[in-house]
Structure formats: structure tokens, C-alpha cells
$ cat protein-v4.txt   # compact mmCIF, C-alpha atoms
# COMPACT_ATOMS: atom_id res chain seq x y z
CA MET A 1 -35.28 30.10 -38.86
CA ARG A 2 -33.60 32.77 -36.79
CA ILE A 3 -34.19 30.79 -33.59
CA ILE A 4 -32.77 27.63 -35.13
CA LYS A 5 -29.67 29.49 -36.31
CA ASP A 6 -29.01 30.96 -32.84
CA HIS A 7 -29.45 27.52 -31.32
CA LYS A 8 -26.84 26.10 -33.71
CA ILE A 9 -24.44 28.89 -32.79
CA ARG A 10 -24.84 28.10 -29.08
CA ILE A 11 -24.23 24.42 -29.75
CA LYS A 12 -21.05 25.23 -31.68
CA LYS A 13 -19.79 27.40 -28.83
CA LYS A 14 -20.55 24.65 -26.35
CA TYR A 15 -18.59 22.15 -28.45
CA ARG A 16 -15.65 24.55 -28.69
CA VAL A 17 -15.51 24.93 -24.89
CA THR A 18 -15.80 21.18 -24.44
CA ALA A 19 -13.02 20.60 -26.96
CA VAL A 20 -10.73 23.01 -25.10
CA ILE A 21 -11.38 21.24 -21.80
CA VAL A 22 -10.76 17.83 -23.34
CA ALA A 23 -7.54 19.03 -25.00
CA ALA A 24 -6.29 20.47 -21.72
CA ALA A 25 -7.06 17.23 -19.93
CA LEU A 26 -5.20 15.24 -22.58
CA LEU A 27 -2.16 17.50 -22.20
CA CYS A 28 -2.19 16.95 -18.44
CA VAL A 29 -2.46 13.19 -18.90
CA LYS A 30 0.42 13.29 -21.39
CA GLY A 31 2.49 15.23 -18.91
CA LEU A 32 1.73 12.73 -16.16
CA VAL A 33 2.63 9.78 -18.36
CA SER A 34 5.92 11.32 -19.48
CA GLY A 35 6.72 12.47 -15.93
CA GLN A 36 6.83 16.14 -16.97
CA VAL A 37 4.27 17.71 -14.67
CA CYS A 38 3.98 21.47 -15.12
CA LEU A 39 2.09 22.25 -11.93
CA PRO A 40 2.90 21.17 -8.38
CA SER A 41 0.68 18.48 -6.94
CA SER A 42 -1.07 18.78 -3.61
CA VAL A 43 0.13 16.14 -1.18
CA ARG A 44 -1.46 15.51 2.19
CA ALA A 45 0.88 14.78 5.07
CA GLU A 46 0.83 11.17 6.23
CA GLU A 47 1.08 11.91 9.93
CA ARG A 48 -1.97 11.20 12.05
CA GLY A 49 -4.15 14.27 12.37
CA ALA A 50 -1.90 16.46 10.23
CA GLU A 51 -3.93 19.01 8.28
CA GLN A 52 -1.12 20.84 6.55
CA GLU A 53 -0.67 20.22 2.83
CA LEU A 54 2.57 20.64 0.93
CA GLN A 55 2.83 21.74 -2.68
CA LEU A 56 5.58 19.62 -4.20
CA TYR A 57 6.82 19.32 -7.77
CA ALA A 58 8.67 16.02 -7.27
CA GLN A 59 6.94 12.82 -8.31
CA ALA A 60 8.47 11.15 -5.24
CA ALA A 61 9.76 12.88 -2.12
CA VAL A 62 10.70 12.08 1.46
CA LEU A 63 11.57 14.09 4.55
CA MET A 64 13.40 11.84 7.03
CA ASP A 65 14.69 12.06 10.57
CA ALA A 66 18.30 11.08 9.94
CA ASP A 67 18.78 9.82 13.49
CA SER A 68 15.98 7.23 13.51
CA GLY A 69 15.32 6.76 9.78
CA ARG A 70 11.69 7.63 10.35
CA VAL A 71 9.84 9.10 7.36
CA LEU A 72 8.27 12.34 8.59
CA TYR A 73 6.64 13.21 5.28
CA GLY A 74 6.34 11.17 2.14
CA LYS A 75 4.96 11.49 -1.34
CA ASN A 76 5.14 8.17 -3.20
CA PRO A 77 8.07 7.26 -0.89
CA GLU A 78 8.32 3.65 -2.13
CA GLU A 79 8.03 4.29 -5.88
CA LYS A 80 11.10 3.01 -7.74
CA LEU A 81 12.59 5.68 -10.00
CA PRO A 82 15.97 6.49 -11.59
CA MET A 83 18.09 8.78 -9.43
CA ALA A 84 20.72 10.17 -11.83
CA SER A 85 23.88 11.59 -10.17
CA THR A 86 22.49 11.41 -6.63
CA THR A 87 23.96 7.91 -7.06
CA LYS A 88 27.37 9.45 -6.42
CA ILE A 89 26.81 9.82 -2.68
CA MET A 90 27.07 6.02 -2.48
CA THR A 91 30.13 6.00 -4.75
CA CYS A 92 31.80 8.61 -2.55
CA ILE A 93 31.07 6.99 0.81
CA LEU A 94 32.25 3.58 -0.41
CA ALA A 95 35.49 5.08 -1.74
CA LEU A 96 36.05 6.81 1.60
CA GLU A 97 35.38 3.64 3.59
CA TYR A 98 37.25 1.13 1.43
CA GLY A 99 39.75 3.15 -0.58
CA ASP A 100 43.12 4.71 0.18
CA MET A 101 42.79 8.44 -0.34
CA GLU A 102 46.48 8.79 -1.22
CA GLN A 103 46.38 5.94 -3.74
CA ILE A 104 47.45 6.80 -7.29
CA VAL A 105 44.87 5.38 -9.69
CA GLU A 106 44.92 5.00 -13.46
CA ALA A 107 42.18 5.93 -15.91
CA SER A 108 40.97 3.21 -18.26
CA SER A 109 39.74 3.65 -21.82
CA TYR A 110 36.22 2.85 -20.56
CA ALA A 111 36.41 5.68 -18.01
CA ALA A 112 37.76 8.09 -20.61
CA GLY A 113 34.80 7.26 -22.86
CA MET A 114 32.14 8.42 -20.40
CA PRO A 115 29.74 11.12 -21.66
CA LYS A 116 29.46 14.63 -20.28
CA VAL A 117 29.60 15.91 -17.59
CA LYS A 118 33.24 14.80 -17.33
CA LEU A 119 36.74 15.72 -16.19
CA TYR A 120 38.10 14.55 -19.58
CA VAL A 121 40.53 12.06 -18.16
CA LYS A 122 42.71 10.31 -20.73
CA GLU A 123 43.45 6.62 -20.89
CA GLY A 124 46.58 5.83 -18.90
CA GLU A 125 46.54 9.09 -16.92
CA LYS A 126 47.07 8.79 -13.20
CA TYR A 127 45.35 10.68 -10.40
CA ARG A 128 45.21 10.73 -6.64
CA LEU A 129 41.99 9.08 -5.43
CA ARG A 130 41.18 11.93 -3.02
CA ASP A 131 41.26 14.48 -5.86
CA LEU A 132 38.83 12.44 -7.92
CA LEU A 133 36.29 12.46 -5.09
CA TYR A 134 36.18 16.26 -5.25
CA SER A 135 35.73 16.01 -9.01
CA LEU A 136 32.96 13.47 -8.39
CA MET A 137 30.98 15.40 -5.79
CA LEU A 138 31.56 19.05 -6.74
CA GLU A 139 31.35 18.86 -10.53
CA SER A 140 29.59 15.47 -10.80
CA HIS A 141 32.09 14.17 -13.36
CA ASN A 142 31.00 10.85 -14.83
CA ASP A 143 34.46 9.70 -15.88
CA SER A 144 35.89 10.33 -12.40
CA ALA A 145 33.15 8.07 -10.98
CA VAL A 146 34.30 5.21 -13.19
CA VAL A 147 37.97 5.69 -12.30
CA VAL A 148 37.02 5.61 -8.62
CA ALA A 149 34.86 2.52 -9.05
CA GLU A 150 37.55 0.60 -10.94
CA ALA A 151 40.20 1.55 -8.39
CA VAL A 152 38.16 0.63 -5.30
CA GLY A 153 36.17 -2.31 -6.63
CA GLY A 154 38.43 -3.70 -9.32
CA SER A 155 35.78 -3.14 -11.99
CA VAL A 156 32.52 -1.27 -12.41
CA GLU A 157 30.58 -4.51 -12.01
CA LYS A 158 32.36 -5.45 -8.79
CA PHE A 159 31.95 -1.94 -7.43
CA ALA A 160 28.21 -2.07 -8.23
CA ALA A 161 28.03 -5.25 -6.18
CA MET A 162 29.65 -3.37 -3.29
CA MET A 163 27.12 -0.56 -3.71
CA ASN A 164 24.20 -2.99 -3.58
CA GLN A 165 25.60 -4.78 -0.55
CA LYS A 166 26.05 -1.48 1.28
CA ALA A 167 22.47 -0.52 0.39
CA ARG A 168 21.22 -3.75 1.96
CA ASP A 169 23.42 -3.20 5.01
CA ILE A 170 21.84 0.22 5.48
CA GLY A 171 18.35 -1.25 5.08
CA CYS A 172 17.61 -0.10 1.53
CA TYR A 173 16.00 -3.08 -0.20
CA ASP A 174 14.29 -1.19 -3.04
CA THR A 175 17.53 0.19 -4.46
CA TYR A 176 19.60 -1.33 -7.27
CA PHE A 177 22.87 0.11 -8.54
CA ILE A 178 24.36 -0.68 -11.95
CA THR A 179 26.61 2.33 -12.55
CA PRO A 180 28.77 4.40 -10.17
CA ASN A 181 27.72 7.69 -11.79
CA GLY A 182 23.94 7.32 -12.13
CA LEU A 183 23.76 7.42 -15.92
CA ASP A 184 20.55 5.81 -17.14
CA ALA A 185 21.22 2.08 -17.34
CA LYS A 186 19.25 -0.38 -19.44
CA VAL A 187 17.65 -3.46 -17.95
CA ASN A 188 20.43 -5.92 -17.13
CA GLU A 189 20.39 -9.70 -17.21
CA ASN A 190 18.64 -9.82 -13.82
CA GLY A 191 15.72 -7.80 -15.10
CA LYS A 192 16.57 -4.81 -12.89
CA VAL A 193 17.31 -1.18 -13.66
CA HIS A 194 19.43 1.45 -11.96
CA SER A 195 16.87 2.87 -9.53
CA THR A 196 15.94 3.70 -5.96
CA THR A 197 13.07 5.11 -3.93
CA ALA A 198 12.84 8.46 -2.19
CA ALA A 199 12.78 6.64 1.16
CA ASP A 200 15.92 4.62 0.35
CA LEU A 201 17.79 7.61 -1.03
CA ALA A 202 17.05 9.68 2.08
CA LYS A 203 18.26 6.75 4.20
CA ILE A 204 21.52 6.49 2.25
CA MET A 205 22.16 10.20 2.78
CA ALA A 206 21.37 9.79 6.48
CA TYR A 207 24.00 7.06 6.66
CA CYS A 208 26.56 9.27 4.91
CA VAL A 209 26.14 12.21 7.29
CA THR A 210 25.37 10.49 10.62
CA ASP A 211 26.42 6.83 10.77
CA SER A 212 29.33 6.22 8.44
CA PRO A 213 32.79 6.06 10.07
CA LYS A 214 33.85 8.43 7.27
CA LYS A 215 31.02 10.93 7.75
CA GLU A 216 33.37 13.82 8.57
CA GLU A 217 35.38 13.27 5.39
CA PHE A 218 32.15 13.02 3.40
CA LEU A 219 30.92 16.33 4.81
CA GLU A 220 34.27 18.01 4.21
CA ILE A 221 34.21 17.06 0.52
CA THR A 222 30.55 17.86 -0.15
CA ARG A 223 30.72 21.23 1.63
CA THR A 224 33.86 22.45 -0.15
CA GLN A 225 33.07 25.37 -2.44
CA SER A 226 36.05 25.01 -4.79
CA TYR A 227 38.99 22.68 -5.20
CA ASP A 228 42.14 22.70 -7.37
CA PHE A 229 44.35 19.75 -8.21
CA THR A 230 46.56 18.25 -10.89
CA ASN A 231 47.02 14.79 -12.32
CA ALA A 232 49.73 12.65 -10.69
CA ASP A 233 52.60 13.90 -12.84
CA GLY A 234 51.49 17.54 -12.67
CA THR A 235 51.04 18.01 -16.43
CA ARG A 236 47.35 18.99 -16.23
CA SER A 237 45.57 21.30 -13.80
CA PHE A 238 41.89 21.22 -12.81
CA HIS A 239 39.50 23.50 -10.96
CA CYS A 240 36.23 22.24 -9.44
CA SER A 241 33.34 24.38 -8.23
CA ASN A 242 30.53 23.07 -6.07
CA HIS A 243 27.27 22.94 -8.04
CA ASN A 244 25.12 22.33 -4.97
CA ALA A 245 23.49 25.75 -4.87
CA PHE A 246 21.39 24.78 -1.85
CA LEU A 247 24.44 25.20 0.39
CA GLY A 248 23.99 28.95 -0.05
CA MET A 249 20.20 29.01 0.20
CA MET A 250 19.75 28.02 3.87
CA GLU A 251 22.17 28.43 6.73
CA GLU A 252 21.02 25.03 8.00
CA ALA A 253 22.17 23.30 4.79
CA LEU A 254 24.57 20.47 5.66
CA SER A 255 25.25 18.48 2.49
CA GLY A 256 23.66 17.42 -0.77
CA LYS A 257 24.00 16.15 -4.31
CA THR A 258 22.20 17.14 -7.51
CA GLY A 259 21.35 14.87 -10.43
CA PHE A 260 19.82 14.95 -13.89
CA THR A 261 19.27 12.65 -16.85
CA ASN A 262 16.61 12.75 -19.52
CA ASN A 263 14.98 9.73 -17.95
CA ALA A 264 15.29 10.71 -14.28
CA GLY A 265 14.60 14.41 -14.57
CA TYR A 266 16.01 16.72 -11.92
CA CYS A 267 16.82 14.92 -8.67
CA TYR A 268 18.28 16.02 -5.37
CA VAL A 269 19.24 14.53 -2.05
CA GLY A 270 20.28 16.77 0.80
CA ALA A 271 20.63 17.18 4.54
CA VAL A 272 19.93 20.06 6.90
CA GLU A 273 20.95 20.49 10.54
CA SER A 274 19.17 22.67 13.08
CA GLU A 275 19.22 22.65 16.89
CA GLY A 276 20.71 19.19 17.08
CA ARG A 277 18.26 17.77 14.54
CA ILE A 278 19.37 16.39 11.19
CA PHE A 279 16.83 15.95 8.43
CA THR A 280 17.47 14.36 5.06
CA VAL A 281 15.39 15.05 1.97
CA ALA A 282 15.20 13.04 -1.26
CA LEU A 283 13.52 14.34 -4.42
CA LEU A 284 13.06 12.23 -7.55
CA ALA A 285 11.66 13.33 -10.91
CA CYS A 286 11.45 16.92 -9.73
CA GLY A 287 10.80 18.59 -13.08
CA TRP A 288 12.49 18.60 -16.47
CA PRO A 289 14.11 21.43 -18.48
CA ASN A 290 13.56 24.28 -18.10
CA ASN A 291 12.47 23.71 -14.51
CA ARG A 292 15.75 23.08 -12.71
CA SER A 293 14.70 25.37 -9.83
CA TYR A 294 11.81 23.10 -8.80
CA LYS A 295 14.12 20.97 -6.67
CA TRP A 296 15.23 23.98 -4.64
CA SER A 297 11.62 24.96 -4.00
CA ASP A 298 10.75 21.44 -2.81
CA MET A 299 13.92 21.17 -0.74
CA LYS A 300 13.27 24.43 1.11
CA GLU A 301 9.62 23.57 1.70
CA LEU A 302 10.35 20.13 3.15
CA ALA A 303 13.27 21.39 5.25
CA ALA A 304 11.11 24.17 6.68
CA TYR A 305 8.29 21.68 7.33
CA GLY A 306 10.61 19.50 9.39
CA MET A 307 12.26 22.30 11.34
CA GLU A 308 8.97 24.03 12.18
CA ARG A 309 7.02 20.96 13.26
CA TYR A 310 9.48 18.55 14.89
CA GLN A 311 11.38 18.90 18.14
CA TYR A 312 13.25 16.42 20.34
CA GLN A 313 11.36 15.31 23.43
CA ASP A 314 12.42 12.92 26.19
CA ILE A 315 9.64 10.33 26.40
CA TYR A 316 11.30 8.10 29.00
CA GLU A 317 9.18 7.36 32.06
CA GLU A 318 10.68 6.23 35.35
CA GLN A 319 9.54 2.74 36.35
CA THR A 320 9.17 1.18 39.81
CA PHE A 321 8.77 -2.53 40.43
CA ALA A 322 7.54 -4.60 43.33
CA ASP A 323 9.39 -7.76 44.30
CA ILE A 324 8.16 -10.80 42.39
CA PRO A 325 7.23 -13.89 44.46
CA VAL A 326 9.02 -17.13 43.55
CA ARG A 327 6.95 -20.26 43.84
CA ASN A 328 8.73 -23.10 45.65
CA GLY A 329 11.77 -20.89 46.12
CA ILE A 330 14.15 -20.57 49.07
CA ALA A 331 13.94 -17.24 50.85
CA GLU A 332 17.32 -15.56 50.70
CA GLU A 333 17.43 -14.32 54.31
CA ALA A 334 15.60 -16.83 56.47
CA GLY A 335 16.05 -19.84 54.28
CA THR A 336 13.25 -21.87 55.93
CA PRO A 337 10.63 -24.04 54.24
CA PHE A 338 7.95 -21.70 55.58
CA GLU A 339 9.29 -18.41 54.21
CA GLU A 340 7.99 -17.06 50.90
CA ALA A 341 10.78 -16.32 48.46
CA SER A 342 10.87 -13.28 46.19
CA VAL A 343 13.33 -11.44 43.99
CA SER A 344 13.73 -7.78 43.21
CA VAL A 345 13.79 -6.62 39.60
CA SER A 346 14.95 -3.52 37.73
CA LEU A 347 15.12 -2.08 34.25
CA ASN A 348 18.19 -3.01 32.25
CA LYS A 349 18.85 0.36 30.61
CA GLU A 350 22.06 2.22 29.77
CA GLU A 351 20.66 5.52 28.44
CA GLU A 352 19.70 8.36 30.76
CA GLY A 353 16.64 9.14 28.68
CA LEU A 354 14.86 8.42 25.41
CA ARG A 355 14.90 11.42 23.07
CA VAL A 356 12.60 11.19 20.06
CA LEU A 357 11.76 13.69 17.35
CA LEU A 358 8.05 14.46 17.70
CA CYS A 359 5.37 16.77 16.39
CA LYS A 360 2.12 17.61 18.19
CA GLU A 361 0.13 14.95 16.31
CA ASP A 362 2.42 12.09 17.36
CA GLN A 363 1.11 9.60 19.91
CA VAL A 364 3.46 7.91 22.39
CA GLU A 365 2.39 4.83 24.35
CA VAL A 366 4.33 2.93 27.03
CA LYS A 367 3.43 -0.74 27.52
CA ARG A 368 4.55 -2.66 30.56
CA GLN A 369 4.73 -6.46 30.63
CA VAL A 370 6.25 -8.00 33.78
CA GLU A 371 5.73 -11.45 35.29
CA THR A 372 3.58 -11.47 38.44
CA ALA A 373 5.14 -14.69 39.78
CA LEU A 374 8.09 -16.95 38.97
CA ASP A 375 8.91 -20.61 39.40
CA ALA A 376 12.14 -21.61 41.14
CA PRO A 377 14.95 -21.79 40.37
CA VAL A 378 15.45 -18.19 39.27
CA ALA A 379 18.85 -16.90 38.14
CA ALA A 380 20.18 -13.41 38.74
CA GLY A 381 19.93 -11.28 35.58
CA GLU A 382 17.08 -13.35 34.16
CA GLN A 383 14.68 -11.37 31.96
CA VAL A 384 11.19 -11.36 33.41
CA GLY A 385 9.50 -8.63 31.41
CA THR A 386 9.79 -5.64 29.07
CA ILE A 387 8.96 -1.96 29.02
CA SER A 388 8.12 -0.99 25.43
CA TYR A 389 7.72 2.43 23.84
CA TYR A 390 5.44 2.84 20.83
CA LEU A 391 5.21 5.83 18.51
CA ASN A 392 1.98 6.01 16.54
CA GLY A 393 1.47 2.31 17.15
CA GLU A 394 4.96 1.23 16.05
CA LEU A 395 7.56 -0.15 18.45
CA ILE A 396 10.57 2.17 18.69
CA ARG A 397 12.38 0.91 21.80
CA SER A 398 12.08 -2.00 24.22
CA TYR A 399 13.94 -2.37 27.53
CA PRO A 400 14.28 -5.71 29.38
CA VAL A 401 13.22 -6.04 33.01
CA CYS A 402 15.67 -8.38 34.79
CA THR A 403 16.07 -9.93 38.23
CA ASP A 404 18.60 -8.38 40.59
CA SER A 405 19.22 -11.66 42.41
CA GLY A 406 18.33 -15.32 42.16
CA ALA A 407 16.35 -17.86 44.19
CA GLU A 408 17.17 -21.55 44.53
CA GLU A 409 14.52 -24.23 44.31
CA ARG A 410 13.07 -25.69 47.51
CA SER A 411 13.85 -29.28 46.53
CA PHE A 412 13.32 -32.46 48.55
CA PRO A 413 17.07 -32.87 49.25
CA TRP A 414 17.16 -29.28 50.51
CA VAL A 415 14.21 -29.95 52.87
CA LEU A 416 15.92 -33.11 54.21
CA LYS A 417 19.08 -31.15 54.80
CA TYR A 418 17.10 -28.44 56.61
CA VAL A 419 15.35 -31.00 58.85
CA SER A 420 18.62 -32.79 59.63
CA LYS A 421 20.12 -29.51 60.78
CA LEU A 422 17.20 -28.98 63.16
CA ILE A 423 17.57 -32.47 64.62
CA PHE A 424 21.32 -32.06 64.99
CA PHE A 425 20.99 -28.77 66.89
CA LEU A 426 18.27 -30.21 69.06
$ encode --input "protein-v4.txt" --output "C-alpha cells"
Amino acid sequence: MRIIKDHKIRIKKKYRVTAVIVAAALLCVKGLVSGQVCLPSSVRAEERGAEQELQLYAQAAVLMDADSGRVLYGKNPEEKLPMASTTKIMTCILALEYGDMEQIVEASSYAAGMPKVKLYVKEGEKYRLRDLLYSLMLESHNDSAVVVAEAVGGSVEKFAAMMNQKARDIGCYDTYFITPNGLDAKVNENGKVHSTTAADLAKIMAYCVTDSPKKEEFLEITRTQSYDFTNADGTRSFHCSNHNAFLGMMEEALSGKTGFTNNAGYCYVGAVESEGRIFTVALLACGWPNNRSYKWSDMKELAAYGMERYQYQDIYEEQTFADIPVRNGIAEEAGTPFEEASVSVSLNKEEEGLRVLLCKEDQVEVKRQVETALDAPVAAGEQVGTISYYLNGELIRSYPVCTDSGAEERSFPWVLKYVSKLIFFL
């Protein structure tokens, strides 16, 4: 009986341990389903041959070369997720590009009814558009975003259409804007929600800091630490402080925007600049309360990853070309039926070199395709080949090879004319 009792005790202990393991697993699954992951996940770099692993909290993250738009590191880069107030980088850049910064704009009742965080504008109050952009980007005020959208677009709906068109122009096809402030938006009549991907968000930030004609104004606003202004008639005063703490965490920090909603979690999009390189980072669903510091950890890790591994290299290779024979062509110098015609060719290229951001695992290949012979007539400047540069199997640049001169066709009338000249001189 003693032996049986001990056996039962061991079985009970085994069941208890099993139950604990099962309960822990269920908690992890629950956390994954709700998007509230307590531990960072291990993500293997996508680059060929890369062995380094990054520990990231974000459910979706991207490190991008802002110059080329190339994703240097991605974790679920194409997953569509809400992006909260990181939306406001698009609102800001559109206002800068299409709005008049000195315009006096009026707050509507709809704008005044926006939830926190807000400037607490009142219906009918008037503000200078430039001031509202500081309110938008430094304090992330939701009501200011609506005032800006209504002033620049005519309505929130029309401004959202502008946002979506700009996204497509930039090359972001997995992004859909409904609101100018990033508040969680329900499914609209088109069956879409306010969302983006980490890859698209990083690309939008790259546009804001490198390609937009208003990039300098964008950087000036987003890098300002504090800003004071009044409404148009001077009856109310406001003070804005920059909530982008990352600006003080790394000297390479260039710009950025935070975001949070209950649905999106903590989000961040930022840019860093180092030794002529600009990297953008997008983080979506990067923790929930009380884990607001997760985004800073991920941002610093991805920024360091890019700066340590990637350097600009000139991959251009000088090319030499032999003259290309022209079948049935008239030789330029002698111009006789018995001379073989040929044309010289060269590379049609304006740049002095081809600088590309590379790490040691990257593979560069140069492919040369040039015609070995041509049929007359041949025109000067005619493309007869290409020199193509591939990075890890993907085409990144192609240069045309063109003729320097032309060659006429050795036609029957030309031969008759040539023979008649010989007879005449004889």
C-alpha cells in the first residue's frame, strides 16, 4: 500500500508540473493573439549569409536605406497594422507641400470634438497653419490634425484622399489612410481600415527626410524641442514640448514620430543620419502599457545594426567597347563597296560612380549585353546594349550602351552612284 501511495503522489506532482506548463503556454498564446507580447522575439536577419539575430519587441519592424528604399532588415515587413499617430508625418508633409504656412485657418466643431491628446481648440477659433504643425508634431494633438486637414484638403475625407494618393506616389501600396491623426478608424464602406506596413511607413519617413521638396521644413519642425504660439487674435497662449525622446538618446537621431492607441500599441517611426548615410526605422505594435520604453530599445538596436554593418561603396566598373561591325553598311572614311563598316559605342552615363550601401554579405553582379553586329542603317545615339548592376540578384541600375556615330545602308542606288563616279573620273 505504501508503494501505491508514493506512486500516486508522484503522478499528482507530474500533473501539477504539466498543468503549470500548459497554463504558461496558454498565457503566451493569449498574449500573441492580443498583440501584447511580454518577451522580445528572436528574428533572423533576412540578408544572405547573415548570422546575427536581433531581439525585437515590435510585431513588425523595418530598417531601411532611405536613399534607395531598400529594406536592410525586416520583421513581418509587409504585415498590415494600425499605426496610431505616426500617421501625422504624412499629415505634416502634405500640409507643408500643399498648404500656405501663413494661412489663418478656422477650427470646426468636428475638430474641437477630437479626443485627447489635444490642443483644446474651440469652434470658430483661428490659428496660423504653421503653428498648428508644431502642435501636431511636437505634442501630437489630434484636434490640430483635423484643423490642418480641413484647411489643406477642404475636409477630412478629401485630405485622406490626398494622403492615399501621396502614399501611392511614394510607392506605398499597402497603406490606407482614413484619419489625419491616426486614431483607430473602423472599417469604412470600402472594407478597408486605417493601416500601413512597417515597410511602407519607413518609406514614407524616407520621403519626408530625403525626397520631399519640403524636407528641410519638415526636419526643422520635428527637431524643435519647444515652441510657443498664440491663436490668431492673441487671446490664448500655447506651449509645445517635443515628446520624441529619441532625439536625445543618440547623436545620430534625425527625426521621428511616436504613436499609441489601444489597438495599435506603441508605434514609432524615425530616422538617423551617420557618415552620409540615412536610415529610417518603423516599429508597429511595439508593446502596450506599461512597456512604452520597448520602442526606444528596438529603435536603438536597429539603428546600431544599420550603422555598424552598412557602408557606402562605389560598385561602378569602367567599361571598354570594341567597334561593332555593320552589315551592308557604308564605311565612314573610305566609302567604297568593299570596305567593312563599323561604329564605335560608349556608355550613356551621367554619374561619376555608383555608390550603394552594402554589408559584407551583399553580392554585386555586373551583366553586360551588347550587340556583336548591326544591320544598316544605324543611327547615331541608337541603343545597342546595356550594362546592368544587380544586388543580391535584383536589378538596381541599368545603363544604355549607344552608338557614337551612324552608318548608312549600302543600297543599290548608292552602288550605282558609286560606279557612275568611277566611270566619270575614268
$ closest_residue --input "protein-v4.txt" --among "A:Glu371, A:Asp169, A:Glu308, A:Asp143" --to "Val121 in chain A" --atoms "all atoms listed in the file"
A:Asp143
$ residues_around --input "protein-v4.txt" --residues "range 372-388 of chain A" --least-positions-apart "4" --cutoff "8 Å" --atoms "all atoms listed in the file" --output "PyMOL selection string"
chain A and resi 324-329+366-368+395-410
$ write_last_selection --input "protein-v4.txt" --atoms "C-alpha atoms" --output "PDB file, in the coordinates of the input"
ATOM      1  CA  ILE A 324       8.160 -10.800  42.390  1.00  0.00           C
ATOM      2  CA  PRO A 325       7.230 -13.890  44.460  1.00  0.00           C
ATOM      3  CA  VAL A 326       9.020 -17.130  43.550  1.00  0.00           C
ATOM      4  CA  ARG A 327       6.950 -20.260  43.840  1.00  0.00           C
ATOM      5  CA  ASN A 328       8.730 -23.100  45.650  1.00  0.00           C
ATOM      6  CA  GLY A 329      11.770 -20.890  46.120  1.00  0.00           C
ATOM      7  CA  VAL A 366       4.330   2.930  27.030  1.00  0.00           C
ATOM      8  CA  LYS A 367       3.430  -0.740  27.520  1.00  0.00           C
ATOM      9  CA  ARG A 368       4.550  -2.660  30.560  1.00  0.00           C
ATOM     10  CA  LEU A 395       7.560  -0.150  18.450  1.00  0.00           C
ATOM     11  CA  ILE A 396      10.570   2.170  18.690  1.00  0.00           C
ATOM     12  CA  ARG A 397      12.380   0.910  21.800  1.00  0.00           C
ATOM     13  CA  SER A 398      12.080  -2.000  24.220  1.00  0.00           C
ATOM     14  CA  TYR A 399      13.940  -2.370  27.530  1.00  0.00           C
ATOM     15  CA  PRO A 400      14.280  -5.710  29.380  1.00  0.00           C
ATOM     16  CA  VAL A 401      13.220  -6.040  33.010  1.00  0.00           C
ATOM     17  CA  CYS A 402      15.670  -8.380  34.790  1.00  0.00           C
ATOM     18  CA  THR A 403      16.070  -9.930  38.230  1.00  0.00           C
ATOM     19  CA  ASP A 404      18.600  -8.380  40.590  1.00  0.00           C
ATOM     20  CA  SER A 405      19.220 -11.660  42.410  1.00  0.00           C
ATOM     21  CA  GLY A 406      18.330 -15.320  42.160  1.00  0.00           C
ATOM     22  CA  ALA A 407      16.350 -17.860  44.190  1.00  0.00           C
ATOM     23  CA  GLU A 408      17.170 -21.550  44.530  1.00  0.00           C
ATOM     24  CA  GLU A 409      14.520 -24.230  44.310  1.00  0.00           C
ATOM     25  CA  ARG A 410      13.070 -25.690  47.510  1.00  0.00           C
TER      26      ARG A 410
END
$ atom_distance --input "protein-v4.txt" --atom1 "CA of His243 in chain A" --atom2 "CA of Lys126 in chain A"
24.9 Å
$ residues_around --input "protein-v4.txt" --residues "range 144-154 of chain A" --least-positions-apart "3" --cutoff "7 Å" --atoms "only C-alpha atoms" --output "PyMOL selection string"
chain A and resi 95+98-99+105+107+111+119+129+132+135-136+141+158-159+180-181
$ atom_distance --input "protein-v4.txt" --atom1 "CA of Ser155 in chain A" --atom2 "CA of Thr210 in chain A"
28.4 Å
